[in-house]
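Raw contents of protein_3.tsv, TSV, C-alpha atoms and all ligand atoms:
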```
chain	number	residue	atom	x	y	z
I	1	MET	CA	14.08	3.98	33.12
I	2	SER	CA	12.25	4.19	29.81
I	3	GLU	CA	12.17	1.21	27.47
I	4	THR	CA	10.91	1.61	23.93
I	5	ILE	CA	9.57	-1.58	22.38
I	6	GLU	CA	8.99	-2.33	18.71
I	7	LEU	CA	5.78	-4.19	18.04
I	8	VAL	CA	3.81	-5.36	15.04
I	9	LEU	CA	0.19	-4.44	14.44
I	10	PRO	CA	-0.90	-7.36	12.24
I	11	ALA	CA	-2.51	-6.94	8.82
I	12	LEU	CA	-6.27	-7.11	8.42
I	13	ASN	CA	-7.23	-8.94	5.24
I	14	ILE	CA	-10.98	-9.33	4.94
I	15	PRO	CA	-12.01	-10.09	1.34
I	16	ASP	CA	-14.98	-8.51	-0.40
I	17	ASN	CA	-17.98	-10.79	-0.83
I	18	VAL	CA	-20.41	-10.36	-3.71
I	19	THR	CA	-23.72	-12.21	-4.16
I	20	GLN	CA	-25.72	-11.74	-7.34
I	21	THR	CA	-29.48	-11.27	-7.15
I	22	ALA	CA	-32.08	-10.49	-9.82
I	23	ALA	CA	-32.21	-6.92	-8.48
I	24	GLY	CA	-28.43	-6.46	-8.66
I	25	ALA	CA	-25.38	-7.53	-6.69
I	26	LEU	CA	-25.17	-7.42	-2.93
I	27	LYS	CA	-21.66	-6.46	-1.96
I	28	VAL	CA	-20.18	-7.01	1.49
I	29	PRO	CA	-17.11	-4.79	1.53
I	30	GLY	CA	-13.93	-6.31	2.94
I	31	ALA	CA	-11.11	-4.44	4.62
I	32	ARG	CA	-7.38	-4.32	3.96
I	33	VAL	CA	-5.07	-2.78	6.53
I	34	PRO	CA	-1.37	-3.54	6.00
I	35	GLU	CA	0.85	-4.78	8.81
I	36	LYS	CA	2.49	-1.92	10.67
I	37	ARG	CA	5.58	-1.78	12.87
I	38	VAL	CA	5.25	0.72	15.70
I	39	SER	CA	7.23	1.74	18.75
I	40	LEU	CA	5.82	1.99	22.24
I	41	ASP	CA	7.27	3.52	25.41
I	42	VAL	CA	6.50	0.84	27.98
I	43	ALA	CA	6.88	3.02	31.10
I	44	LEU	CA	4.63	5.68	29.60
I	45	ALA	CA	2.02	3.07	28.65
I	46	GLN	CA	2.06	1.82	32.24
I	47	ASP	CA	1.71	5.40	33.50
I	48	LEU	CA	-1.20	6.12	31.16
I	49	ILE	CA	-3.09	3.01	32.24
I	50	ALA	CA	-2.58	4.06	35.88
I	51	HIS	CA	-3.86	7.57	35.07
I	52	ALA	CA	-6.90	6.13	33.29
I	53	ARG	CA	-7.75	3.97	36.29
I	54	VAL	CA	-7.50	6.94	38.64
I	55	ALA	CA	-9.57	9.11	36.28
I	56	ALA	CA	-12.35	6.50	36.35
I	57	GLU	CA	-12.82	7.26	40.05
I	58	SER	CA	-14.19	10.67	39.01
I	59	ALA	CA	-16.79	9.25	36.63
I	60	HIS	CA	-20.27	10.70	37.00
I	61	ALA	CA	-22.23	7.52	36.29
I	62	PRO	CA	-25.44	7.56	38.37
I	63	HIS	CA	-27.40	5.97	35.50
I	64	SER	CA	-25.20	3.14	34.21
I	65	HIS	CA	-22.91	2.79	37.25
I	66	PHE	CA	-20.21	2.04	34.65
I	67	HIS	CA	-17.01	3.94	35.34
I	68	VAL	CA	-14.57	4.73	32.55
I	69	GLY	CA	-11.28	6.62	32.71
I	70	ALA	CA	-9.04	7.68	29.84
I	71	ALA	CA	-5.61	9.28	29.57
I	72	VAL	CA	-4.09	10.85	26.46
I	73	VAL	CA	-0.64	12.02	25.36
I	74	MET	CA	-0.46	14.02	22.12
I	75	ALA	CA	2.33	13.56	19.57
I	76	ASP	CA	2.44	17.30	18.85
I	77	ASP	CA	2.67	18.32	22.50
I	78	PRO	CA	6.36	18.84	23.28
I	79	SER	CA	5.64	18.87	27.03
I	80	GLY	CA	4.15	15.35	26.92
I	81	THR	CA	1.31	16.36	29.24
I	82	ILE	CA	-1.07	13.56	30.26
I	83	PHE	CA	-4.70	14.65	29.85
I	84	SER	CA	-7.10	12.41	31.72
I	85	ALA	CA	-10.86	12.37	32.18
I	86	ALA	CA	-13.87	10.18	32.98
I	87	ASN	CA	-17.32	9.56	31.51
I	88	ILE	CA	-19.91	12.13	32.53
I	89	GLU	CA	-23.55	11.07	32.35
I	90	ASN	CA	-26.73	13.10	32.28
I	91	SER	CA	-30.36	12.36	33.16
I	92	SER	CA	-31.03	13.27	29.52
I	93	TYR	CA	-29.07	10.18	28.46
I	94	GLY	CA	-27.93	11.42	25.05
I	95	VAL	CA	-26.01	14.23	26.71
I	96	THR	CA	-23.59	11.72	28.25
I	97	VAL	CA	-19.98	12.00	27.09
I	98	CYS	CA	-17.55	9.07	27.24
I	99	GLY	CA	-14.28	9.22	29.13
I	100	GLU	CA	-12.21	8.86	25.95
I	101	ARG	CA	-13.74	11.93	24.31
I	102	ASN	CA	-13.56	13.99	27.49
I	103	ALA	CA	-9.81	13.28	27.75
I	104	LEU	CA	-9.16	13.76	24.04
I	105	TYR	CA	-11.11	17.00	23.87
I	106	ALA	CA	-9.26	18.35	26.92
I	107	ALA	CA	-6.04	17.85	24.93
I	108	ALA	CA	-7.54	19.20	21.69
I	109	SER	CA	-8.81	22.25	23.56
I	110	LYS	CA	-5.18	23.08	24.35
I	111	GLY	CA	-4.48	23.13	20.61
I	112	PHE	CA	-3.06	19.63	20.14
I	113	ARG	CA	-4.22	17.68	17.12
I	114	ARG	CA	-2.37	14.37	16.91
I	115	ILE	CA	-2.75	11.52	19.39
I	116	ARG	CA	0.31	9.47	20.34
I	117	TYR	CA	-1.26	7.31	23.06
I	118	LEU	CA	-4.81	7.05	24.33
I	119	ALA	CA	-5.33	4.70	27.28
I	120	VAL	CA	-8.75	3.57	28.42
I	121	SER	CA	-9.78	1.71	31.54
I	122	THR	CA	-13.33	0.43	31.93
I	123	VAL	CA	-12.64	-0.39	35.55
I	124	ASP	CA	-15.96	-2.19	36.08
I	125	SER	CA	-15.49	-4.64	33.19
I	126	LEU	CA	-11.75	-5.34	33.08
I	127	GLY	CA	-12.35	-9.09	33.03
I	128	SER	CA	-14.78	-8.86	30.09
I	129	PRO	CA	-14.27	-9.34	26.33
I	130	LEU	CA	-12.58	-6.58	24.33
I	131	SER	CA	-15.94	-5.25	23.12
I	132	GLU	CA	-16.80	-4.32	26.73
I	133	ARG	CA	-13.45	-2.62	27.36
I	134	SER	CA	-12.63	-0.78	24.12
I	135	PRO	CA	-13.84	2.63	22.89
I	136	CYS	CA	-17.39	2.88	21.53
I	137	GLY	CA	-17.99	3.63	17.85
I	138	VAL	CA	-18.52	7.35	18.43
I	139	CYS	CA	-15.22	7.60	20.29
I	140	ARG	CA	-13.43	5.61	17.56
I	141	GLN	CA	-14.59	8.15	14.99
I	142	ALA	CA	-13.63	11.03	17.31
I	143	ILE	CA	-10.18	9.50	17.87
I	144	ARG	CA	-9.75	8.99	14.12
I	145	GLU	CA	-10.09	12.74	13.58
I	146	PHE	CA	-6.98	13.25	15.71
I	147	THR	CA	-4.77	10.59	14.11
I	148	ASP	CA	-2.54	11.32	11.16
I	149	GLN	CA	-3.20	8.73	8.45
I	150	ASP	CA	0.08	9.53	6.66
I	151	VAL	CA	2.51	9.36	9.54
I	152	SER	CA	4.29	6.04	10.00
I	153	VAL	CA	6.32	7.05	13.05
I	154	ASP	CA	4.57	8.31	16.18
I	155	GLU	CA	1.62	6.07	15.37
I	156	ALA	CA	-1.50	6.80	17.45
I	157	LEU	CA	-1.90	3.79	19.72
I	158	ILE	CA	-4.97	2.89	21.74
I	159	LEU	CA	-4.03	1.16	25.01
I	160	ILE	CA	-6.82	-0.92	26.50
I	161	ASP	CA	-6.75	-1.97	30.13
I	162	THR	CA	-7.32	-5.59	31.13
I	163	LYS	CA	-7.67	-7.52	34.35
I	164	ASP	CA	-5.01	-10.07	33.39
I	165	PRO	CA	-2.00	-9.39	35.64
I	166	ASP	CA	0.32	-10.73	32.91
I	167	ILE	CA	-0.89	-8.19	30.33
I	168	LEU	CA	0.18	-4.55	30.67
I	169	CYS	CA	-2.47	-3.51	28.15
I	170	GLU	CA	-3.91	-4.44	24.77
I	171	VAL	CA	-2.59	-2.33	21.90
I	172	MET	CA	-4.67	-1.33	18.86
I	173	ASP	CA	-4.73	1.49	16.36
I	174	ILE	CA	-7.62	3.21	14.63
I	175	PRO	CA	-7.28	1.42	11.25
I	176	ARG	CA	-7.73	-1.87	13.12
I	177	LEU	CA	-10.44	-0.58	15.51
I	178	LEU	CA	-12.38	1.30	12.81
I	179	PRO	CA	-11.45	-0.03	9.36
I	180	HIS	CA	-14.46	1.64	7.72
I	181	GLY	CA	-14.33	4.95	9.58
I	182	PHE	CA	-15.99	7.90	7.90
I	183	THR	CA	-13.85	10.31	5.89
I	184	PHE	CA	-15.19	13.68	4.76
I	185	ALA	CA	-13.44	14.36	1.50
I	186	GLY	CA	-15.32	17.59	0.77
D	1	LIG	N1	-18.66	4.82	28.06
D	1	LIG	C1	-17.44	5.41	27.96
D	1	LIG	O1	-17.10	6.30	28.73
D	1	LIG	N2	-16.62	4.97	26.98
D	1	LIG	C2	-16.92	4.01	26.07
D	1	LIG	O2	-16.14	3.77	25.15
D	1	LIG	C3	-18.17	3.26	26.20
D	1	LIG	C4	-19.15	3.77	27.18
D	1	LIG	C5	-19.58	5.27	29.12
D	1	LIG	C6	-20.80	6.00	28.63
D	1	LIG	C7	-21.77	5.73	29.75
D	1	LIG	O3	-21.55	6.70	30.77
D	1	LIG	C8	-21.38	4.39	30.28
D	1	LIG	O4	-20.05	4.15	29.84
D	1	LIG	C9	-22.27	3.25	29.85
D	1	LIG	O5	-22.42	3.23	28.49
```
How does this structure look as structure tokens?
Ligand code: THU
Amino acid sequence: MSETIELVLPALNIPDNVTQTAAGALKVPGARVPEKRVSLDVALAQDLIAHARVAAESAHAPHSHFHVGAAVVMADDPSGTIFSAANIENSSYGVTVCGERNALYAAASKGFRRIRYLAVSTVDSLGSPLSERSPCGVCRQAIREFTDQDVSVDEALILIDTKDPDILCEVMDIPRLLPHGFTFAG
């Protein structure tokens, strides 16, 4: 039985900070992301976390021994297919691709362009702080490309696995994960 939950993504309100020097001002830019109300299909979230955990078993991680699985559902995919993948490393380290991007690009390669849910499970660090369980900066920017900034329904939600048996997952979105993400306005 599917249960859709309404939840609030809280506002981010980080003020600018400006310090004057003889050579000019040093500005530390703040960030303002308004509160957002979103809906989440609980059964699907649970399913995506399970898929991400299974996907992590296929990680090719002979260098880091850190296994990551991800599972994606796209908002513009009427079939609601779950695309899942793992991190794939290479002895030329820079060639490595994270699990999140492998899953997202599998979906994008089928023509889908708008994420609805992206679940990630860093199965080897589930008891660690959020920074050791959430997508890296490169993946955040990659995910941002496939989120629609103007759409208030069907918000792209990032579901982060945790070891806590009382928590189904942690829920974030890209504005809160990457408030200063790069935009190419050209
Ligand atoms: N990794 C991911 O798959 N996703 C992330 O968001 C962070 C890191 C992978 C890359 C590499 O294979 C290993 O984890 C250690 O960095």
Practice item. Could the residues that lie within 8 Å of ligand LIG 1 (chain D), counting all atoms listed in the file, be listed as a PyMOL selection string? Key: chain I and resi 59-61+63-69+86-89+96-101+122+132-139
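Non-sequential neighbours of Leu48 in chain I (distance at most 6 Å, separation of 3 or more positions within a chain, all atoms listed in the file) are Ala45, His51, Ala71 and Ala119 of chain I.
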Exercise for review: Taking (10.3, -5.3, 17.8) in the file's own coordinates, collect the residues within 8 Å, counting only C-alpha atoms, and hand them back as a list in words.
Suggested key: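 The residues that fall inside the cut-off are Ile5, Glu6, Leu7, Val8, Arg37 and Ser39 of chain I.
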**Study point:** Distance of CA of Cys169 in chain I from CA of Ser121 in chain I, expressed in Å to one decimal place
**Key:**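 According to the coordinates, CA of Ser121 in chain I and CA of Cys169 in chain I are separated by 9.6 Å.
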Review point. Quick one: residues within 12 Å of Leu177 in chain I, only C-alpha atoms counted, chain neighbours fewer than 2 positions away excluded, as JSON, numbers by chain?
Key: {"I": [9, 12, 31, 33, 130, 131, 134, 135, 136, 137, 138, 139, 140, 141, 143, 144, 156, 157, 158, 159, 160, 170, 171, 172, 173, 174, 175, 179, 180, 181]}
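For the pair CA of Ser58 in chain I and CA of Ala75 in chain I, the interatomic distance is 25.7 Å.
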Practice item. Give the answer as one residue: which of I:Thr147, I:Ser91, I:Asn102, I:Thr21 has the shortest atom-to-atom distance to Ile115 in chain I, using only C-alpha atoms? Key: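 Ranked by minimum distance to Ile115 in chain I, first place goes to I:Thr147.
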Practice item. Kindly indicate which residue among I:Val120, I:Val38, I:Ile82, I:Val28 lies nearest to Pro15 in chain I, using only C-alpha atoms for the distances. Key: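 Result for the nearest residue to Pro15 in chain I: I:Val28.
When all atoms listed in the file are used to compute distances to Asp77 in chain I, the closest of the residues I:Asn13, I:Phe112, I:Pro34, I:Asp148 turns out to be I:Phe112.
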Check your understanding: In Å to one decimal, how far is CA of Ile14 in chain I from CA of Leu26 in chain I?
Key ->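 Computing the Euclidean distance for CA of Leu26 in chain I and CA of Ile14 in chain I yields 16.3 Å.
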**Study point:** Nearest-residue call for Pro78 in chain I, choices I:Val123, I:Gly111, I:Ala56, I:Pro10, using all atoms listed in the file
**Key:**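 The shortest atom-to-atom distance to Pro78 in chain I comes from I:Gly111.
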Check your understanding: Which is closer to Tyr93 in chain I than all the others in I:Asp47, I:Val72, I:Pro62, I:Phe184, using only C-alpha atoms?
Key ->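 Looking only at the distances to Tyr93 in chain I, the closest residue turns out to be I:Pro62.
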Point to revise | Shortest interatomic distance to Lys110 in chain I - which of I:Ser92, I:Leu126, I:Val73, I:Ala11, counting all atoms listed in the file | key: I:Val73
